[in-house]
Structure formats: C-alpha cells, structure tokens
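Only one structure is covered here, and it is reproduced in the block below.
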Amino acid sequence: MKLPYAEPYRIKMIEEIRQSTPEDRAKWLKDADFNLFNLKSSQVFIDLLTDSGTGSMSDRQWSALMTGDESYAGSRSFQELQETVQRITGFRFLLPTHQGRAAENVLFSVLVKDGDVIPGNSHFDTTKGHIEMRKAHAVDCTIDEAFDIENMHPFKGNIDLEKLENVYQQYPKEQVPFCLITVTCNTSGGQPVSLENIKAVKELSDRYGIPVYFDSARYAENAYFIKKREAGQEHRTIKEICKEMFSYGDGMTMSSKKDGLVNIGGFVALNNEEVFRQASNITIIYEGFITYGGLAGRDMAALAVGLDEATEFDYLESRISQVEYLGAKLMEFGIPVQKPIGGHAVFVDALKFLPNVPREEYPAQTLGLELYKEAGIRGVEIGTLLADRDPETRENRYPKLELLRLAIPRRTYTNNHMDYIAAGLKNVYDRRNEITKGYKITWEPPLLRHFTVKLEEA
Ligand SMILES: *Cc1c(COP(=O)(O)O)cnc(C)c1O
C-alpha cells in the first residue's frame, strides 16, 4: 500500500477555539454589519479569512526569537535574514518592511508614477491599491484559461505573452516601469506560474527593456507546483527551483506572513543599486532604519528560519495536500470549486453555487455569510466587493469570477477541521435554492472597500 502523506511535524502546544450557536452567530453578523472582517476572532470557530500571518511557527522559529539582536543598526538578525534571502533568491540587496504592502509602498514609491501602466498576472488587492493610489494602472494579462474554473490547465497563473506584448507595444517604455509576476497568483485562485512562462516573460520584457519584479508572497508554493507539474523539474529541490525562478527577475516584494512562516513581516529584495538607494530613503521615512524596516530583531531571526522551512519539500507537500484534501471533499459533494485546487486555499464558485442571488447583491459575500451562519467558519469574498469601483466611473467592477475563498493557515488545523468545513458547506449547498437574496451596501470607503464596507440584507 502506498503510504499517504503525513505532516512532517507533531504538535507541541495547542490553542483553544470555541463553537457557538446559530442564534449567537446571527446576532454577531448583524452587529458586524455583515462584514466578516468585523467579527471578533472569538466569534469564529474555524478561521479561513486568510492564510496571512495566521500560521504556526516551529520550535526552531520560537527558539530563534530568543536570539533576536535588537540593535538599531547592523543587527546580527538582519545579517542572518540577508544571508538567507540571498541564498534562496539570489537578490543582492534587502530592505525589511513591516509587511508585504509596505514593501509595495517602498518599491512603488521609487518606480511608479502618475499615468504608468503595470502589466502582470492578476494583481493582488493591496498591490492594485498601491498602483491606483499613484494614478497608475494595473493591466491584467493572465491567460484566459484562468477564468474558466473547470479548465485543468496546470499553470493558471501564467501570463499571456500576446497580451503582455500588446501592452509593451501600446505604451512607451517610460510608461511601463516593470512587469509584475505574482507567484502564486492569488486573485485567479492561488494558481501557479510555470518556470517556462516566467522565463518567456523575462525574455519578452528584456526585448522591450522592461524590468521584471515578483510579488512573491507564495513563491515556495509556486516552486512546489513547478516541481510537481512541470516537465523536467521533478528531480530538482524546491530551493533550486526558487533560485532559478528569481534569476529571471530584477527584484521582489514579499509578504513574510505567507511563505515566510511568520506572523508579521515583509521585505523588498533587488539587484539594482540605484533603485535600492532610493528605496532605502523611503524605507527610512515609512518603515525604520534599513537594517530593521519596522521589524523587531527577533522577527527577522524567526523569519530567517521560516524562509528555510517553507522551502523544504516535505513541509510543502503536507501543506498543499491538506488544501487538496479539502478541495477533493467539496468536489465529492458536487460543490463547484476552482480547479485545479490552488496552493493555499479552496475557491468556491459563488455564481454557480448561488445562481438565484443577483450579481448586484454580491453572491460570494452572501455565500460567505451563509457558511458562517451555518458552521462558524469564516471565509472571504473574492468578488465584486473586492474588485471595488472603477476609479474613474465609480461604477462597480464585476470580475469574471465571483469566489468565496477558504484560505488554510499553515500548520494550524487538522484534517478533522477540513471534514467539518466540508460538511458545513455541504449543508449550505443542500439549501442553496432557498437562498435568493443577497446584500446591499450601506456605507463604503473610497479605496479597498471590502475591509470596512457595511452591508444590510437586500
Ligand atoms: C498578502 C499579499 C500581499 C500583501 O502583503 P501583506 O503582508 O498582507 O501586507 C501582496 N501580494 C500578495 C500576492 C499577497 O498574497
């Protein structure tokens, strides 16, 4: 018998989570203006809002915390982190930041200006926010296969080279500061980008003299998929694949809350000394001195260990197998999910799940609220609320997909929890025809509305 995967760790410490009643949850939702971001964590049994900074650290990481060097300048923990980042990514310069969006702020302050165009695969929400805040535009060049949830393309995060070249031809070089490759591509369903595609993007961009940067929050998961799915890659180590991946870029922004296996942190890593010099000034203004960038020395020490652990095959195998386990359960129940199952989350197709809820009443948000009412599970809407309004027309932007994302924190829940989640969603699925009404907005902010939007029943 083939032995199944099993976690390459055992549990040394536990944290209590609590069940609640449907009556409790109905009341809490109302108090939260039907925005799941407004719930208290104590009101949630299984929290799948995000896999960002919500995972568990290892005993080695907790030990590393004690070795943190809190020197303002030139801390030993910074050096450990820099050595690790250089070894894994090959990038020469490192600027720590307090999280991923801060890395975006630092890098984009240097590179992005009014009227610029930044092509790439589907940009992450804060990334798009940082681009649009600067009156620049993000152009989504993801392959069309990504928007068909049944399409089994192994690399649905890939960039369509024709779409990319169109951008390069349409705009002068001065207006395209870089191409941004997000690995894995969260917005299209945690879908990976192939090494071949990354290489081709690099070659095309070189021809037009345009730099390539990575939005690399889940780069290790991306490397895992390359190893598993791309011809000729199966015998390489994750670290070898990562190194090659990054060799096709000029730099990266990182949210360490994902594949850094820590609860807070981020960084920019890059090769261009002039960009580094300018980005250092921005870091000093917004984050802190360049050898800590808003992080404690102990945070950097734990991150250095986390980056190494996250690029080990056994860890990635158990992590991604768990996400697949949940996806397979849902498929067994006939629930429409994005296929193939992505690296960090299962994405449920709300348009297919709740066909009776009008598009203007936010079906994916509605599904998220139903799942919470049913079982105390908190997912997150990746749909019209997230897509926000067009900055010029102020009309709702309706994305091609309306998804409920169930993000799985790293090394945190067991497969019993996965079974519970699947059962909760199946119960909602069984009564899907009775769900005909969604929600309407009563208040929203001008930017990144999904975090603070207020809703009421339509
Ligand atoms: C999380 C994430 C970010 C932003 O990082 P934060 O640490 O949440 O600020 C940017 N890009 C991608 C792809 C991400 O997943």
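The chains in the structure tokens are called A, B, ... from first to last as shown; in each chain the residues are counted from 1, and the ligands are counted from 1 in the order shown.
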Self-check item: Protein and nucleic residues near ligand 1, 8 Å, only C-alpha atoms and all ligand atoms, as a PyMOL selection string
Solution: chain A and resi 52-53+98-104+123-127+182-186+215-218+253-258+264-266
Writing out the chosen residues with N, CA, C and O atoms as a short mmCIF file (atom, residue, chain, number, x, y, z; two decimals), in the first residue's frame:
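Result file result28.cif:
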data_model
loop_
_atom_site.label_atom_id
_atom_site.label_comp_id
_atom_site.auth_asym_id
_atom_site.auth_seq_id
_atom_site.Cartn_x
_atom_site.Cartn_y
_atom_site.Cartn_z
N SER A 52 -2.71 34.60 5.89
CA SER A 52 -1.67 35.62 6.03
C SER A 52 -1.36 35.88 7.50
O SER A 52 -2.16 36.49 8.21
N GLY A 53 -0.20 35.42 7.93
CA GLY A 53 0.23 35.68 9.32
C GLY A 53 -0.56 34.88 10.34
O GLY A 53 -0.47 35.15 11.53
N HIS A 98 7.50 46.19 7.38
CA HIS A 98 6.64 45.57 8.41
C HIS A 98 5.67 44.56 7.83
O HIS A 98 5.19 43.69 8.54
N GLN A 99 5.32 44.65 6.55
CA GLN A 99 4.60 43.57 5.88
C GLN A 99 4.66 43.77 4.37
O GLN A 99 5.37 44.66 3.89
N GLY A 100 3.92 42.96 3.62
CA GLY A 100 4.06 42.96 2.17
C GLY A 100 3.66 44.27 1.51
O GLY A 100 4.33 44.77 0.60
N ARG A 101 2.56 44.86 1.97
CA ARG A 101 2.10 46.10 1.34
C ARG A 101 3.08 47.24 1.60
O ARG A 101 3.15 48.19 0.84
N ALA A 102 3.80 47.16 2.71
CA ALA A 102 4.81 48.17 3.00
C ALA A 102 5.97 48.01 2.01
O ALA A 102 6.56 49.00 1.56
N ALA A 103 6.27 46.77 1.66
CA ALA A 103 7.29 46.52 0.64
C ALA A 103 6.84 47.12 -0.70
O ALA A 103 7.63 47.72 -1.44
N GLU A 104 5.53 46.98 -0.99
CA GLU A 104 4.99 47.58 -2.21
C GLU A 104 5.14 49.09 -2.16
O GLU A 104 5.54 49.74 -3.14
N HIS A 123 -3.28 41.18 -10.41
CA HIS A 123 -2.60 41.85 -9.29
C HIS A 123 -3.37 41.64 -8.00
O HIS A 123 -4.59 41.66 -7.98
N PHE A 124 -2.64 41.49 -6.93
CA PHE A 124 -3.22 41.35 -5.59
C PHE A 124 -3.89 42.67 -5.19
O PHE A 124 -3.53 43.73 -5.69
N ASP A 125 -4.86 42.61 -4.27
CA ASP A 125 -5.65 43.82 -3.97
C ASP A 125 -4.83 45.00 -3.45
O ASP A 125 -4.98 46.13 -3.92
N THR A 126 -3.92 44.73 -2.48
CA THR A 126 -3.14 45.87 -1.96
C THR A 126 -2.16 46.38 -3.03
O THR A 126 -1.85 47.57 -3.07
N THR A 127 -1.72 45.46 -3.87
CA THR A 127 -0.79 45.83 -4.94
C THR A 127 -1.49 46.79 -5.90
O THR A 127 -0.96 47.84 -6.27
N THR A 182 3.00 37.69 -10.10
CA THR A 182 2.59 37.29 -8.76
C THR A 182 2.61 35.76 -8.67
O THR A 182 1.95 35.08 -9.44
N VAL A 183 3.43 35.26 -7.73
CA VAL A 183 3.57 33.80 -7.55
C VAL A 183 3.22 33.44 -6.11
O VAL A 183 3.79 34.00 -5.21
N THR A 184 2.30 32.50 -5.96
CA THR A 184 1.27 32.08 -6.89
C THR A 184 0.27 33.22 -7.08
O THR A 184 0.25 34.15 -6.27
N CYS A 185 -0.55 33.08 -8.10
CA CYS A 185 -1.49 34.15 -8.40
C CYS A 185 -2.75 33.98 -7.56
O CYS A 185 -3.59 33.13 -7.84
N ASN A 186 -2.84 34.77 -6.50
CA ASN A 186 -3.92 34.66 -5.52
C ASN A 186 -5.27 34.95 -6.15
O ASN A 186 -6.23 34.20 -6.00
N ASP A 215 5.86 39.63 -7.22
CA ASP A 215 5.10 39.75 -5.98
C ASP A 215 5.08 38.33 -5.44
O ASP A 215 4.36 37.47 -5.94
N SER A 216 5.93 38.06 -4.44
CA SER A 216 6.33 36.67 -4.21
C SER A 216 5.83 36.04 -2.92
O SER A 216 6.43 35.08 -2.43
N ALA A 217 4.70 36.54 -2.39
CA ALA A 217 4.21 36.04 -1.10
C ALA A 217 4.21 34.51 -1.01
O ALA A 217 4.60 33.94 0.01
N ARG A 218 3.80 33.82 -2.07
CA ARG A 218 3.69 32.36 -2.02
C ARG A 218 4.65 31.70 -3.01
O ARG A 218 4.29 30.76 -3.72
N THR A 253 8.89 41.86 -4.10
CA THR A 253 8.30 42.29 -2.84
C THR A 253 7.79 41.02 -2.18
O THR A 253 7.38 40.08 -2.84
N MET A 254 7.86 40.99 -0.86
CA MET A 254 7.50 39.77 -0.14
C MET A 254 6.61 40.10 1.05
O MET A 254 6.87 41.04 1.78
N SER A 255 5.55 39.32 1.19
CA SER A 255 4.80 39.31 2.44
C SER A 255 5.25 38.08 3.20
O SER A 255 4.91 36.96 2.86
N SER A 256 6.03 38.30 4.25
CA SER A 256 6.58 37.17 5.02
C SER A 256 5.50 36.42 5.78
O SER A 256 5.74 35.35 6.33
N LYS A 257 4.30 37.02 5.82
CA LYS A 257 3.18 36.40 6.52
C LYS A 257 2.66 35.17 5.77
O LYS A 257 1.82 34.46 6.28
N LYS A 258 3.13 34.98 4.56
CA LYS A 258 2.74 33.79 3.80
C LYS A 258 3.91 32.79 3.88
O LYS A 258 4.10 32.17 4.90
N ILE A 264 4.18 38.30 11.17
CA ILE A 264 4.23 39.66 10.62
C ILE A 264 5.59 39.84 9.92
O ILE A 264 6.57 39.21 10.31
N GLY A 265 5.60 40.70 8.91
CA GLY A 265 6.88 41.00 8.26
C GLY A 265 6.78 40.98 6.75
O GLY A 265 5.82 40.46 6.16
N GLY A 266 7.76 41.59 6.14
CA GLY A 266 7.84 41.62 4.69
C GLY A 266 9.22 42.11 4.29
O GLY A 266 10.05 42.43 5.16
#
Practice problem: Would you kindly return, as a PyMOL selection string, each protein, DNA or RNA residue with an atom no farther than 6 Å from any atom of Ala269 (chain A), considering only C-alpha atoms and excluding same-chain residues fewer than 4 positions away? | Solution: chain A and resi 91+93-94+251-252
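Shortest atom-to-atom contact with Cys242 (chain A) among A:Ile14, A:Leu204, A:Ile88, A:Ala279: A:Ile88, counting only C-alpha atoms.
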Self-check item: Among the residues A:Phe178, A:Trp62, A:Tyr171, A:Phe225, the one that comes closest to Phe313 (chain A) [using only C-alpha atoms]
Solution: A:Phe225
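Going from CA of Ile198 (chain A) over to CA of Ile382 (chain A), you cover 25.2 Å.
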Exercise. Pick out each residue of region 10-72 of chain A that DSSP on the backbone tags as helix (DSSP H, G or I); I need them as a PyMOL selection string.
Key: chain A and resi 22-31+36-38+41-43+59-66
Exercise. Compile the contact shell of Pro363 (chain A) as a list in words: residues with an atom at most 6 Å away, counting only C-alpha atoms, same-chain residues fewer than 3 positions apart removed.
Key: Ala350, Val357 and Thr366 of chain A
Would you write out those residues with N, CA, C and O atoms, as a PDB file, in the first residue's frame?
ATOM      1  N   ALA A 350     -19.190  31.080  -6.491  1.00  0.00           N
ATOM      2  CA  ALA A 350     -20.461  31.507  -5.905  1.00  0.00           C
ATOM      3  C   ALA A 350     -21.547  31.712  -6.964  1.00  0.00           C
ATOM      4  O   ALA A 350     -22.731  31.563  -6.666  1.00  0.00           O
ATOM      5  N   VAL A 357     -29.034  34.357  -6.499  1.00  0.00           N
ATOM      6  CA  VAL A 357     -28.693  35.660  -5.903  1.00  0.00           C
ATOM      7  C   VAL A 357     -28.187  36.581  -7.015  1.00  0.00           C
ATOM      8  O   VAL A 357     -27.225  36.254  -7.708  1.00  0.00           O
ATOM      9  N   THR A 366     -22.501  36.779   0.015  1.00  0.00           N
ATOM     10  CA  THR A 366     -23.680  36.099   0.554  1.00  0.00           C
ATOM     11  C   THR A 366     -23.321  34.668   0.963  1.00  0.00           C
ATOM     12  O   THR A 366     -23.692  34.205   2.045  1.00  0.00           O
TER      13      THR A 366
END
